[in-house]
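Novice: Structure provided below as structure tokens; questions to follow.
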Amino acid sequence: MYVELKNINKSFGDHKASDDVSFGIEKGKLIGLLGPSGSGKTTILRMIAGLEQQDSGDIIIDGKVVNNIPAAKREIGFVFQNYALFRYMTVFENIAFGLKVQKKDKQFIRERVGELIELIGLSGLEKRYPSQLSGGQRQRVAFARALAPNPQLLLLDEPFAAIDAKVRQELRSWLKDMIEKLGVTSIFVTHDQDEAIEVADEIIITNNGRIEQVGTPLEVYQNPQTAFTAGFFGQTAVLENYTDFHTFEKPNGAEKAFVRPEFISVTKKNEPQKFKSSAVEGTVERVAFRGNNMELSIRANGALLTAKRGLDAAEIHVGEKVDVFIYRLFVTVGEKAVLLENQSAREGSVFI
Amino acid sequence: MDKTQDQSKNAKIVKWLLISISTLFIAVMLLLPLVTVIIEAFRQGFEVYLKAIADEYTVKATLLTLEATLFAVVINTVFGLFAAWTVTKFKFHGKKLLTTLIDIPVTVSPIIAGLIFVLTFGRQSFIYPLLEKADVKIVFAVPGIVLATIFVTFPFISRELIPVLEAQGTDEEEAAALMGASLPRIFTKVTFPHIKWAFLYGVVLCTARAMGEFGAVSVLSGHIRGKTNTLPLHVEILFNEFKYVPAFAVSSILVILAVIVLIIRSVVEYHGKKDG
Ligand SMILES: Nc1ncnc2c1ncn2[C@@H]1O[C@H](COP(=O)(O)OP(=O)(O)OP(=O)(O)O)[C@@H](O)[C@H]1O
Ligand SMILES: [Mg+2]
């Protein structure tokens, strides 16, 4: 493990921002720290960087316990949530700052900064001030500034939050390529699940100051271990009484269930339905065109379900009665989540 | 149609009315006295004016005023920077109390401030024997005047800086610190560029106030001509002796200094706004 957190606790007043946080990160990986607002993501990042001191627990970087090593000596690059570029310095001066602090010679600084400016595709804008750049350009400068001193670990706090949707998409893949190319171990914070799934090699899910689950995007998506993770991804619907939908067993202590759109098949009354006896009737409340599919909101057994339907299937209208069949769902047992297959469709497979 | 025309006409009248009232008010309350000072100063001709200004005591008073101002500005600059930096960049207990304490000189009457210093350093104080042993004279001496001036003007710089520093937050400093920059480097390269104009503005205000200070200095000075008289005190003495022309002549020095400060102020403000 390149970076390791062991039983980290941190409180602000009586609020526990980190509650027994432990995880490890391998060298060269790009890690997504994903969780709702206020779940303690920034706090974790700041403690790794040394900008905040944990109340208890150890932080280990490259085999060394860094608890007592000041931020400046940890060789960490940090991209702040709002970039925190030096407003009264040009793009060049911003990127050169860390190198000047290290007293590198002028020639070296010029070359290194030139290289980085080339890398972020901002050649010709060296003399601009941050206020004269677009959001995306600022983000790239912040990235280059953090990378200039050649850090062993790069931390990015919501690197795309302040950028509009279209550019964000572009920057995401740009950043992923960049980090892969440079091979620098990186942790980025986000509260956007799509972003985490798309960019990260591994996702760490935080909630309420605790770590809920660690795994590859596919693992955490397909096999949520906790109730929170099960409900966090996708457009999940919550079923308070899932046994109203046939035919699911009821494990001991089972409470409510989460259903994702891809777990549901919707058929018109006149269409064949393989599991007719296990389907329930629902009323379509909303139909929305989503580009490559239709999104249906269906009221069945009192619950509001979200389902998808291909564009080549027969059209469904608002108010129509349809058959709803649920292939599988996540049932919560206390804090845990358990995947249940519909018993009448054990052999039926579902694609995500 | 007619109605809207009427309305815009009314608005125009109101506008001109307000402008005239403000202009008239400023003319009567501010310009007239200033012009009067200059006219009175030159009433008996340029030579008399020069003589009044070149008078030994006037020159000494001018020098003392400049000396007290210089001390006050330098010391308050250092203090103001430290106080503003401490209050905005660190978290600690008693921070609220500190910011409130900084404002005391603005709320306390200068005369009271002067009296406090007399009580603290004068004959009846328990510190007095110590001072006497060390041969330091504060009350009715130059150090007292300098102290009083510092006291009265000390919030000016920090009060200008605190809002600017607060608005800026600590992110840029953190970013710089993370890259290993030392505190002096962070201050000169990252923080100071932000507060440059607010800082200069504070210095200008502090200078203006220090030059004109009368109340606290009056209590502490003892009015010893040629020794502990600042310009404002000198004007008062001349005036009380019915020497009107010299009194106005000396006043005109203060007026000229004030005008210079005002011009610097406008320049600073203009640049501050431009830099945003
Ligand atoms: N300096 C601080 N003083 C007091 N409370 C703090 C401080 N920093 C964070 N907190 C609290 O700790 C909790 C976690 O904050 P943190 O900034 O780590 O959340 P986050 O997951 O980064 O949220 P977001 O997605 O909104 O940025 C929040 O409840 C926050 O109010
Ligand atoms: Mg955050």
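In the structure tokens, the first chain shown is A, the next is B, and so on; residue numbers restart at 1 for each chain, and ligands run from 1 in the order shown.
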Should the cut-off be 9 Å, what would the residue list for chain A against chain B look like, counting only C-alpha atoms, as a PDB file with C-alpha atoms, in the first residue's frame?
Specialist:
ATOM      1  CA  ALA A  49      -2.060  16.649   2.949  1.00  0.00           C
ATOM      2  CA  GLY A  50      -1.263  17.747   6.491  1.00  0.00           C
ATOM      3  CA  LEU A  51      -3.488  20.819   6.335  1.00  0.00           C
ATOM      4  CA  PRO A  70       4.451  19.172   8.222  1.00  0.00           C
ATOM      5  CA  ALA A  71       2.379  19.676   5.080  1.00  0.00           C
ATOM      6  CA  ALA A  72       5.225  21.331   3.208  1.00  0.00           C
ATOM      7  CA  LYS A  73       7.461  18.281   3.618  1.00  0.00           C
ATOM      8  CA  ARG A  74       4.985  15.619   2.490  1.00  0.00           C
ATOM      9  CA  GLU A  75       5.625  16.096  -1.241  1.00  0.00           C
ATOM     10  CA  ILE A  76       1.952  16.294  -2.023  1.00  0.00           C
ATOM     11  CA  GLY A  77       0.300  18.229  -4.818  1.00  0.00           C
ATOM     12  CA  PHE A  78      -3.104  19.647  -3.939  1.00  0.00           C
ATOM     13  CA  VAL A  79      -5.774  21.003  -6.259  1.00  0.00           C
ATOM     14  CA  PHE A  80      -8.238  23.001  -4.171  1.00  0.00           C
ATOM     15  CA  ASN A  82     -11.997  26.457  -5.901  1.00  0.00           C
ATOM     16  CA  TYR A  83      -8.452  26.149  -7.320  1.00  0.00           C
ATOM     17  CA  ALA A  84      -7.013  28.881  -5.056  1.00  0.00           C
ATOM     18  CA  LEU A  85      -4.796  30.140  -7.842  1.00  0.00           C
ATOM     19  CA  PHE A  86      -2.635  33.106  -6.879  1.00  0.00           C
ATOM     20  CA  ARG A  87      -4.718  35.940  -8.250  1.00  0.00           C
ATOM     21  CA  TYR A  88      -1.882  38.408  -8.500  1.00  0.00           C
ATOM     22  CA  MET A  89       0.431  36.107 -10.391  1.00  0.00           C
ATOM     23  CA  PHE A  97       5.849  29.134  -7.545  1.00  0.00           C
ATOM     24  CA  GLY A  98       6.607  25.723  -6.048  1.00  0.00           C
ATOM     25  CA  LEU A  99       9.840  25.461  -8.023  1.00  0.00           C
ATOM     26  CA  VAL A 101      10.335  27.936  -3.326  1.00  0.00           C
ATOM     27  CA  GLN A 102      12.606  24.942  -3.902  1.00  0.00           C
ATOM     28  CA  ALA A 146       0.209  21.097  -8.199  1.00  0.00           C
ATOM     29  CA  PRO A 149       7.314  20.187  -7.984  1.00  0.00           C
TER      30      PRO A 149
END
Novice: Got a sec to check which residues lie within 7 Å of ligand 1, using only C-alpha atoms and all ligand atoms, and send them as an MDAnalysis selection string?
Specialist: chainID A and resid 12:13 15:17 35:44 190:191 209
Novice: Export, as a compact mmCIF listing (two decimals), in the first residue's frame, the selected residues with all heavy atoms.
Specialist:
# COMPACT_ATOMS: atom_id res chain seq x y z
N PHE A 12 -14.82 18.13 14.73
CA PHE A 12 -14.88 19.58 14.80
C PHE A 12 -15.93 19.90 15.84
O PHE A 12 -17.12 19.67 15.60
CB PHE A 12 -15.27 20.20 13.46
CG PHE A 12 -14.23 20.00 12.39
CD1 PHE A 12 -14.45 19.15 11.33
CD2 PHE A 12 -13.02 20.69 12.46
CE1 PHE A 12 -13.49 18.98 10.35
CE2 PHE A 12 -12.06 20.52 11.48
CZ PHE A 12 -12.29 19.67 10.43
N GLY A 13 -15.53 20.39 17.00
CA GLY A 13 -16.49 20.58 18.08
C GLY A 13 -17.06 19.22 18.43
O GLY A 13 -16.31 18.27 18.66
N HIS A 15 -18.94 17.56 16.33
CA HIS A 15 -19.29 16.89 15.08
C HIS A 15 -18.15 15.99 14.62
O HIS A 15 -17.02 16.43 14.48
CB HIS A 15 -19.59 17.93 14.00
CG HIS A 15 -19.95 17.31 12.69
ND1 HIS A 15 -21.22 16.86 12.41
CD2 HIS A 15 -19.20 17.03 11.60
CE1 HIS A 15 -21.23 16.34 11.19
NE2 HIS A 15 -20.02 16.42 10.69
N LYS A 16 -18.49 14.72 14.40
CA LYS A 16 -17.45 13.79 14.00
C LYS A 16 -17.30 13.81 12.48
O LYS A 16 -18.13 13.27 11.75
CB LYS A 16 -17.83 12.38 14.48
CG LYS A 16 -16.61 11.60 14.81
CD LYS A 16 -16.69 10.75 16.04
CE LYS A 16 -15.24 10.39 16.31
NZ LYS A 16 -14.94 9.06 16.64
N ALA A 17 -16.26 14.43 11.97
CA ALA A 17 -16.07 14.55 10.52
C ALA A 17 -15.42 13.30 9.94
O ALA A 17 -15.66 12.95 8.80
CB ALA A 17 -15.24 15.79 10.21
N GLY A 35 -19.02 10.60 -2.01
CA GLY A 35 -19.98 10.63 -0.92
C GLY A 35 -20.78 11.90 -0.96
O GLY A 35 -20.41 12.85 -1.64
N PRO A 36 -21.91 11.92 -0.23
CA PRO A 36 -22.75 13.12 -0.25
C PRO A 36 -22.05 14.31 0.41
O PRO A 36 -21.03 14.14 1.08
CB PRO A 36 -23.99 12.71 0.54
CG PRO A 36 -23.59 11.53 1.33
CD PRO A 36 -22.47 10.86 0.60
N SER A 37 -22.61 15.49 0.22
CA SER A 37 -22.05 16.70 0.78
C SER A 37 -21.99 16.59 2.31
O SER A 37 -22.95 16.15 2.93
CB SER A 37 -22.91 17.89 0.37
OG SER A 37 -22.29 19.07 0.73
N GLY A 38 -20.87 16.99 2.88
CA GLY A 38 -20.72 16.96 4.34
C GLY A 38 -20.34 15.61 4.89
O GLY A 38 -20.32 15.42 6.10
N SER A 39 -20.01 14.65 4.02
CA SER A 39 -19.71 13.31 4.51
C SER A 39 -18.26 13.17 4.95
O SER A 39 -17.85 12.11 5.41
CB SER A 39 -20.04 12.27 3.44
OG SER A 39 -19.25 12.50 2.29
N GLY A 40 -17.48 14.22 4.80
CA GLY A 40 -16.11 14.20 5.33
C GLY A 40 -15.03 13.94 4.30
O GLY A 40 -13.90 13.61 4.64
N LYS A 41 -15.32 14.13 3.02
CA LYS A 41 -14.34 13.88 1.96
C LYS A 41 -13.18 14.88 2.02
O LYS A 41 -12.02 14.49 2.03
CB LYS A 41 -15.02 13.97 0.59
CG LYS A 41 -16.26 13.10 0.45
CD LYS A 41 -16.86 13.20 -0.92
CE LYS A 41 -17.43 14.57 -1.24
NZ LYS A 41 -18.66 14.92 -0.54
N THR A 42 -13.53 16.15 2.06
CA THR A 42 -12.49 17.18 2.10
C THR A 42 -11.63 17.01 3.35
O THR A 42 -10.40 17.15 3.29
CB THR A 42 -13.14 18.58 2.08
OG1 THR A 42 -13.87 18.72 0.87
CG2 THR A 42 -12.09 19.67 2.15
N THR A 43 -12.27 16.69 4.45
CA THR A 43 -11.52 16.50 5.70
C THR A 43 -10.46 15.41 5.54
O THR A 43 -9.32 15.59 5.96
CB THR A 43 -12.50 16.14 6.84
OG1 THR A 43 -13.51 17.13 6.90
CG2 THR A 43 -11.78 16.05 8.17
N ILE A 44 -10.83 14.29 4.92
CA ILE A 44 -9.87 13.20 4.71
C ILE A 44 -8.69 13.69 3.86
O ILE A 44 -7.53 13.48 4.19
CB ILE A 44 -10.56 12.00 4.02
CG1 ILE A 44 -11.55 11.35 4.97
CG2 ILE A 44 -9.52 10.98 3.54
CD1 ILE A 44 -12.37 10.23 4.34
N THR A 190 -15.25 13.67 -5.10
CA THR A 190 -16.40 14.05 -5.91
C THR A 190 -17.68 13.63 -5.21
O THR A 190 -17.67 12.75 -4.36
CB THR A 190 -16.34 13.40 -7.31
OG1 THR A 190 -17.48 13.80 -8.05
CG2 THR A 190 -16.32 11.89 -7.22
N HIS A 191 -18.78 14.34 -5.50
CA HIS A 191 -20.04 13.80 -5.00
C HIS A 191 -20.92 13.36 -6.18
O HIS A 191 -22.10 13.11 -6.03
CB HIS A 191 -20.77 14.77 -4.05
CG HIS A 191 -21.03 16.12 -4.64
ND1 HIS A 191 -20.43 17.26 -4.15
CD2 HIS A 191 -21.78 16.50 -5.66
CE1 HIS A 191 -20.82 18.27 -4.87
NE2 HIS A 191 -21.64 17.86 -5.79
N GLY A 209 -18.98 10.62 7.76
CA GLY A 209 -17.66 10.50 8.39
C GLY A 209 -17.10 9.09 8.38
O GLY A 209 -15.98 8.86 8.82
Novice: Taking 2 positions as the minimum chain separation for residues in the same chain, which residues sit within 10 Å of Thr283 (chain A) when counting only C-alpha atoms? Answer as a ChimeraX atom specification.
Specialist: /A:281,285-286,297-301,304,317-324
Novice: Write the residues of the selection above to a file with C-alpha atoms, as a tab-separated table (two decimals), in the first residue's frame.
Specialist:
chain	number	residue	atom	x	y	z
A	281	GLU	CA	-49.88	-4.11	-12.45
A	285	GLU	CA	-47.33	8.50	-14.32
A	286	ARG	CA	-44.65	10.06	-16.47
A	297	SER	CA	-42.19	6.55	-13.83
A	298	ILE	CA	-44.63	3.89	-12.72
A	299	ARG	CA	-46.81	3.67	-9.63
A	300	ALA	CA	-47.17	0.06	-8.49
A	301	ASN	CA	-48.22	-1.24	-5.07
A	304	LEU	CA	-42.93	4.92	-7.50
A	317	HIS	CA	-48.51	6.51	-22.72
A	318	VAL	CA	-49.16	8.31	-19.46
A	319	GLY	CA	-52.07	6.73	-17.59
A	320	GLU	CA	-51.62	3.36	-19.26
A	321	LYS	CA	-51.79	0.17	-17.17
A	322	VAL	CA	-48.68	-1.98	-17.63
A	323	ASP	CA	-47.11	-5.13	-16.20
A	324	VAL	CA	-44.05	-4.59	-14.02
Novice: What's the 7 Å shell around region 61-67 of chain A, counting only C-alpha atoms, without same-chain residues fewer than 5 positions away, as a PyMOL selection string?
Specialist: chain A and resi 2-4
Novice: Deliver the residues from the most recent selection as a file, using all heavy atoms, as a PDB file, in the first residue's frame.
Specialist:
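Below is the file selection25.pdb, written as the result:
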ATOM      1  N   TYR A   2       0.542   2.176  -0.881  1.00  0.00           N
ATOM      2  CA  TYR A   2       1.356   3.381  -0.961  1.00  0.00           C
ATOM      3  C   TYR A   2       0.897   4.417   0.061  1.00  0.00           C
ATOM      4  O   TYR A   2       1.690   5.021   0.766  1.00  0.00           O
ATOM      5  CB  TYR A   2       1.294   3.950  -2.369  1.00  0.00           C
ATOM      6  CG  TYR A   2       2.240   5.090  -2.559  1.00  0.00           C
ATOM      7  CD1 TYR A   2       3.613   4.863  -2.507  1.00  0.00           C
ATOM      8  CD2 TYR A   2       1.784   6.381  -2.755  1.00  0.00           C
ATOM      9  CE1 TYR A   2       4.502   5.896  -2.646  1.00  0.00           C
ATOM     10  CE2 TYR A   2       2.667   7.425  -2.902  1.00  0.00           C
ATOM     11  CZ  TYR A   2       4.026   7.179  -2.846  1.00  0.00           C
ATOM     12  OH  TYR A   2       4.907   8.202  -2.988  1.00  0.00           O
ATOM     13  N   VAL A   3      -0.427   4.604   0.106  1.00  0.00           N
ATOM     14  CA  VAL A   3      -0.995   5.495   1.121  1.00  0.00           C
ATOM     15  C   VAL A   3      -1.901   4.657   1.999  1.00  0.00           C
ATOM     16  O   VAL A   3      -2.692   3.859   1.495  1.00  0.00           O
ATOM     17  CB  VAL A   3      -1.833   6.619   0.477  1.00  0.00           C
ATOM     18  CG1 VAL A   3      -2.436   7.507   1.534  1.00  0.00           C
ATOM     19  CG2 VAL A   3      -0.993   7.423  -0.492  1.00  0.00           C
ATOM     20  N   GLU A   4      -1.768   4.839   3.307  1.00  0.00           N
ATOM     21  CA  GLU A   4      -2.611   4.069   4.209  1.00  0.00           C
ATOM     22  C   GLU A   4      -3.141   4.945   5.327  1.00  0.00           C
ATOM     23  O   GLU A   4      -2.392   5.696   5.942  1.00  0.00           O
ATOM     24  CB  GLU A   4      -1.796   2.906   4.784  1.00  0.00           C
ATOM     25  CG  GLU A   4      -2.549   1.605   4.697  1.00  0.00           C
ATOM     26  CD  GLU A   4      -1.740   0.431   5.211  1.00  0.00           C
ATOM     27  OE1 GLU A   4      -0.500   0.440   5.071  1.00  0.00           O
ATOM     28  OE2 GLU A   4      -2.357  -0.483   5.764  1.00  0.00           O
TER      29      GLU A   4
END
Novice: For CA of Gly122 (chain B) and CA of Ile237 (chain B), quote the distance in Å rounded to one decimal.
Specialist: 23.6 Å
Novice: Would you mind reading off the distance between CA of Arg110 (chain A) and CA of Thr90 (chain A), one decimal, in Å?
Specialist: 13.7 Å
Novice: I want to know what sits within 12 Å of region 204-206 of chain A, based on only C-alpha atoms, with residues of the same chain fewer than 3 positions away left out; could you give that as a ChimeraX atom specification?
Specialist: /A:17-25,30-44,187-193,196-197,200-201,209-217,219-221,224-226,228-230,232-233
Novice: What is the distance, in Å and to one decimal place, between CA of Gly202 (chain B) and CA of Arg265 (chain B)?
Specialist: 9.4 Å
Novice: Mind listing the strand (DSSP E or B) residues of region 42-285 of chain A, per DSSP on the backbone, as a PyMOL selection string?
Specialist: chain A and resi 56-61+64-65+76-80+83+153-157+185-190+202-207+210-215+226+237-239+254-259+264-268+280-285
Novice: Counting only C-alpha atoms, what is within 8 Å of Ala237 (chain A), bar same-chain residues fewer than 5 positions away, as a ChimeraX atom specification?
Specialist: /A:258-260,303-306
Novice: Please produce a file of the residues just selected, as a PDB file, in the first residue's frame, where the atoms kept are N, CA and C atoms.
Specialist:
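Output file part35.pdb is given in full below:
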ATOM      1  N   PHE A 258     -34.122  -1.699  -2.328  1.00  0.00           N
ATOM      2  CA  PHE A 258     -33.792  -0.720  -3.360  1.00  0.00           C
ATOM      3  C   PHE A 258     -33.854  -1.391  -4.723  1.00  0.00           C
ATOM      4  N   VAL A 259     -34.453  -0.699  -5.683  1.00  0.00           N
ATOM      5  CA  VAL A 259     -34.564  -1.241  -7.032  1.00  0.00           C
ATOM      6  C   VAL A 259     -33.970  -0.236  -8.015  1.00  0.00           C
ATOM      7  N   ARG A 260     -33.118  -0.711  -8.899  1.00  0.00           N
ATOM      8  CA  ARG A 260     -32.559   0.159  -9.933  1.00  0.00           C
ATOM      9  C   ARG A 260     -33.355  -0.014 -11.215  1.00  0.00           C
ATOM     10  N   ALA A 303     -45.648   2.162  -4.604  1.00  0.00           N
ATOM     11  CA  ALA A 303     -44.278   2.670  -4.752  1.00  0.00           C
ATOM     12  C   ALA A 303     -44.100   3.297  -6.131  1.00  0.00           C
ATOM     13  N   LEU A 304     -43.209   4.297  -6.209  1.00  0.00           N
ATOM     14  CA  LEU A 304     -42.928   4.921  -7.498  1.00  0.00           C
ATOM     15  C   LEU A 304     -41.622   4.350  -8.042  1.00  0.00           C
ATOM     16  N   LEU A 305     -41.724   3.627  -9.170  1.00  0.00           N
ATOM     17  CA  LEU A 305     -40.550   2.976  -9.748  1.00  0.00           C
ATOM     18  C   LEU A 305     -40.092   3.737 -10.983  1.00  0.00           C
ATOM     19  N   THR A 306     -38.776   3.719 -11.211  1.00  0.00           N
ATOM     20  CA  THR A 306     -38.246   4.285 -12.444  1.00  0.00           C
ATOM     21  C   THR A 306     -37.745   3.123 -13.298  1.00  0.00           C
TER      22      THR A 306
END
Novice: As a PyMOL selection string, please: the residues near Thr243 (chain A) (cut-off 12 Å, only C-alpha atoms, same-chain neighbours under 4 positions excluded).
Specialist: chain A and resi 239+247-251+254-257+278+280+301+326+329+331+340+342
Novice: Could those selected residues go to a file with all heavy atoms, as a compact mmCIF listing (two decimals), in the first residue's frame?
Specialist:
# COMPACT_ATOMS: atom_id res chain seq x y z
N LEU A 239 -38.54 0.52 -1.90
CA LEU A 239 -39.77 -0.23 -1.65
C LEU A 239 -39.86 -0.53 -0.16
O LEU A 239 -39.02 -1.24 0.39
CB LEU A 239 -39.78 -1.55 -2.43
CG LEU A 239 -39.50 -1.47 -3.92
CD1 LEU A 239 -39.57 -2.86 -4.54
CD2 LEU A 239 -40.49 -0.52 -4.60
N THR A 247 -41.65 -12.72 -6.83
CA THR A 247 -41.69 -13.60 -5.70
C THR A 247 -40.31 -13.59 -5.07
O THR A 247 -39.39 -14.18 -5.61
CB THR A 247 -41.98 -15.06 -6.15
OG1 THR A 247 -41.63 -15.16 -7.53
CG2 THR A 247 -43.32 -15.55 -5.86
N PHE A 248 -40.19 -12.82 -4.00
CA PHE A 248 -38.91 -12.70 -3.32
C PHE A 248 -38.99 -13.35 -1.95
O PHE A 248 -40.00 -13.21 -1.26
CB PHE A 248 -38.51 -11.23 -3.17
CG PHE A 248 -38.19 -10.57 -4.48
CD1 PHE A 248 -39.13 -9.76 -5.12
CD2 PHE A 248 -36.95 -10.75 -5.07
CE1 PHE A 248 -38.84 -9.16 -6.32
CE2 PHE A 248 -36.65 -10.14 -6.27
CZ PHE A 248 -37.59 -9.34 -6.91
N GLU A 249 -37.92 -14.01 -1.57
CA GLU A 249 -37.89 -14.56 -0.21
C GLU A 249 -37.66 -13.41 0.76
O GLU A 249 -37.30 -12.30 0.37
CB GLU A 249 -36.77 -15.60 -0.09
CG GLU A 249 -35.40 -15.03 -0.36
CD GLU A 249 -34.38 -16.13 -0.64
OE1 GLU A 249 -34.78 -17.18 -1.21
OE2 GLU A 249 -33.23 -15.93 -0.27
N LYS A 250 -37.84 -13.70 2.04
CA LYS A 250 -37.63 -12.66 3.04
C LYS A 250 -36.61 -13.12 4.06
O LYS A 250 -36.93 -13.86 4.98
CB LYS A 250 -38.96 -12.30 3.71
CG LYS A 250 -38.81 -11.13 4.64
CD LYS A 250 -40.11 -10.46 5.01
CE LYS A 250 -39.75 -9.34 5.99
NZ LYS A 250 -40.63 -8.30 6.14
N PRO A 251 -35.34 -12.69 3.91
CA PRO A 251 -34.32 -13.10 4.89
C PRO A 251 -34.65 -12.51 6.26
O PRO A 251 -35.40 -11.53 6.35
CB PRO A 251 -33.03 -12.48 4.35
CG PRO A 251 -33.34 -11.94 3.01
CD PRO A 251 -34.81 -11.76 2.92
N ALA A 254 -34.96 -8.58 7.31
CA ALA A 254 -35.03 -7.76 6.10
C ALA A 254 -35.99 -6.60 6.31
O ALA A 254 -37.04 -6.75 6.92
CB ALA A 254 -35.47 -8.62 4.93
N GLU A 255 -35.61 -5.42 5.82
CA GLU A 255 -36.47 -4.25 5.98
C GLU A 255 -36.96 -3.80 4.62
O GLU A 255 -37.79 -4.43 4.01
CB GLU A 255 -35.72 -3.14 6.72
CG GLU A 255 -35.50 -3.49 8.19
CD GLU A 255 -34.29 -2.80 8.77
OE1 GLU A 255 -33.93 -1.71 8.27
OE2 GLU A 255 -33.69 -3.35 9.71
N LYS A 256 -36.38 -2.70 4.12
CA LYS A 256 -36.86 -2.21 2.83
C LYS A 256 -35.95 -2.69 1.71
O LYS A 256 -34.95 -3.37 1.95
CB LYS A 256 -36.93 -0.69 2.85
CG LYS A 256 -35.61 -0.08 3.20
CD LYS A 256 -35.80 1.40 3.50
CE LYS A 256 -34.45 1.98 3.88
NZ LYS A 256 -34.49 3.31 4.40
N ALA A 257 -36.32 -2.32 0.48
CA ALA A 257 -35.51 -2.77 -0.65
C ALA A 257 -35.25 -1.60 -1.59
O ALA A 257 -36.01 -0.63 -1.64
CB ALA A 257 -36.24 -3.88 -1.40
N SER A 278 -45.79 -13.50 -11.80
CA SER A 278 -45.03 -12.78 -10.77
C SER A 278 -45.00 -11.27 -11.02
O SER A 278 -44.42 -10.53 -10.23
CB SER A 278 -43.59 -13.29 -10.72
OG SER A 278 -43.58 -14.66 -10.40
N VAL A 280 -46.60 -7.44 -11.42
CA VAL A 280 -47.71 -6.70 -10.81
C VAL A 280 -48.16 -5.62 -11.78
O VAL A 280 -47.41 -5.21 -12.66
CB VAL A 280 -47.31 -6.06 -9.47
CG1 VAL A 280 -46.97 -7.12 -8.45
CG2 VAL A 280 -46.17 -5.08 -9.67
N ASN A 301 -48.15 -0.89 -6.50
CA ASN A 301 -48.22 -1.24 -5.07
C ASN A 301 -47.84 -0.06 -4.18
O ASN A 301 -47.20 -0.22 -3.15
CB ASN A 301 -47.27 -2.41 -4.75
CG ASN A 301 -47.86 -3.73 -5.19
OD1 ASN A 301 -49.08 -3.85 -5.41
ND2 ASN A 301 -47.01 -4.73 -5.36
N ILE A 326 -39.97 -7.31 -11.54
CA ILE A 326 -38.67 -6.96 -10.96
C ILE A 326 -37.80 -8.20 -10.91
O ILE A 326 -38.15 -9.20 -10.31
CB ILE A 326 -38.86 -6.38 -9.54
CG1 ILE A 326 -39.69 -5.08 -9.62
CG2 ILE A 326 -37.50 -6.09 -8.90
CD1 ILE A 326 -40.03 -4.48 -8.28
N LEU A 329 -33.43 -7.26 -6.55
CA LEU A 329 -33.38 -6.03 -5.76
C LEU A 329 -32.41 -6.19 -4.60
O LEU A 329 -31.95 -7.28 -4.29
CB LEU A 329 -34.77 -5.62 -5.27
CG LEU A 329 -35.76 -6.70 -4.79
CD1 LEU A 329 -35.31 -7.29 -3.49
CD2 LEU A 329 -37.15 -6.10 -4.68
N VAL A 331 -31.91 -5.84 -0.66
CA VAL A 331 -32.69 -5.76 0.57
C VAL A 331 -31.76 -5.32 1.69
O VAL A 331 -30.61 -5.76 1.75
CB VAL A 331 -33.30 -7.13 0.91
CG1 VAL A 331 -34.04 -7.08 2.23
CG2 VAL A 331 -34.23 -7.56 -0.20
N LEU A 340 -31.10 -9.90 -3.79
CA LEU A 340 -32.07 -10.98 -3.94
C LEU A 340 -32.48 -11.09 -5.40
O LEU A 340 -32.79 -10.09 -6.05
CB LEU A 340 -33.33 -10.70 -3.10
CG LEU A 340 -33.21 -10.82 -1.59
CD1 LEU A 340 -34.60 -10.70 -0.98
CD2 LEU A 340 -32.57 -12.14 -1.19
N ASN A 342 -35.19 -12.61 -8.18
CA ASN A 342 -36.59 -13.05 -8.22
C ASN A 342 -36.60 -14.56 -8.41
O ASN A 342 -35.95 -15.09 -9.31
CB ASN A 342 -37.30 -12.36 -9.38
CG ASN A 342 -38.80 -12.51 -9.27
OD1 ASN A 342 -39.30 -13.61 -8.96
ND2 ASN A 342 -39.51 -11.43 -9.52
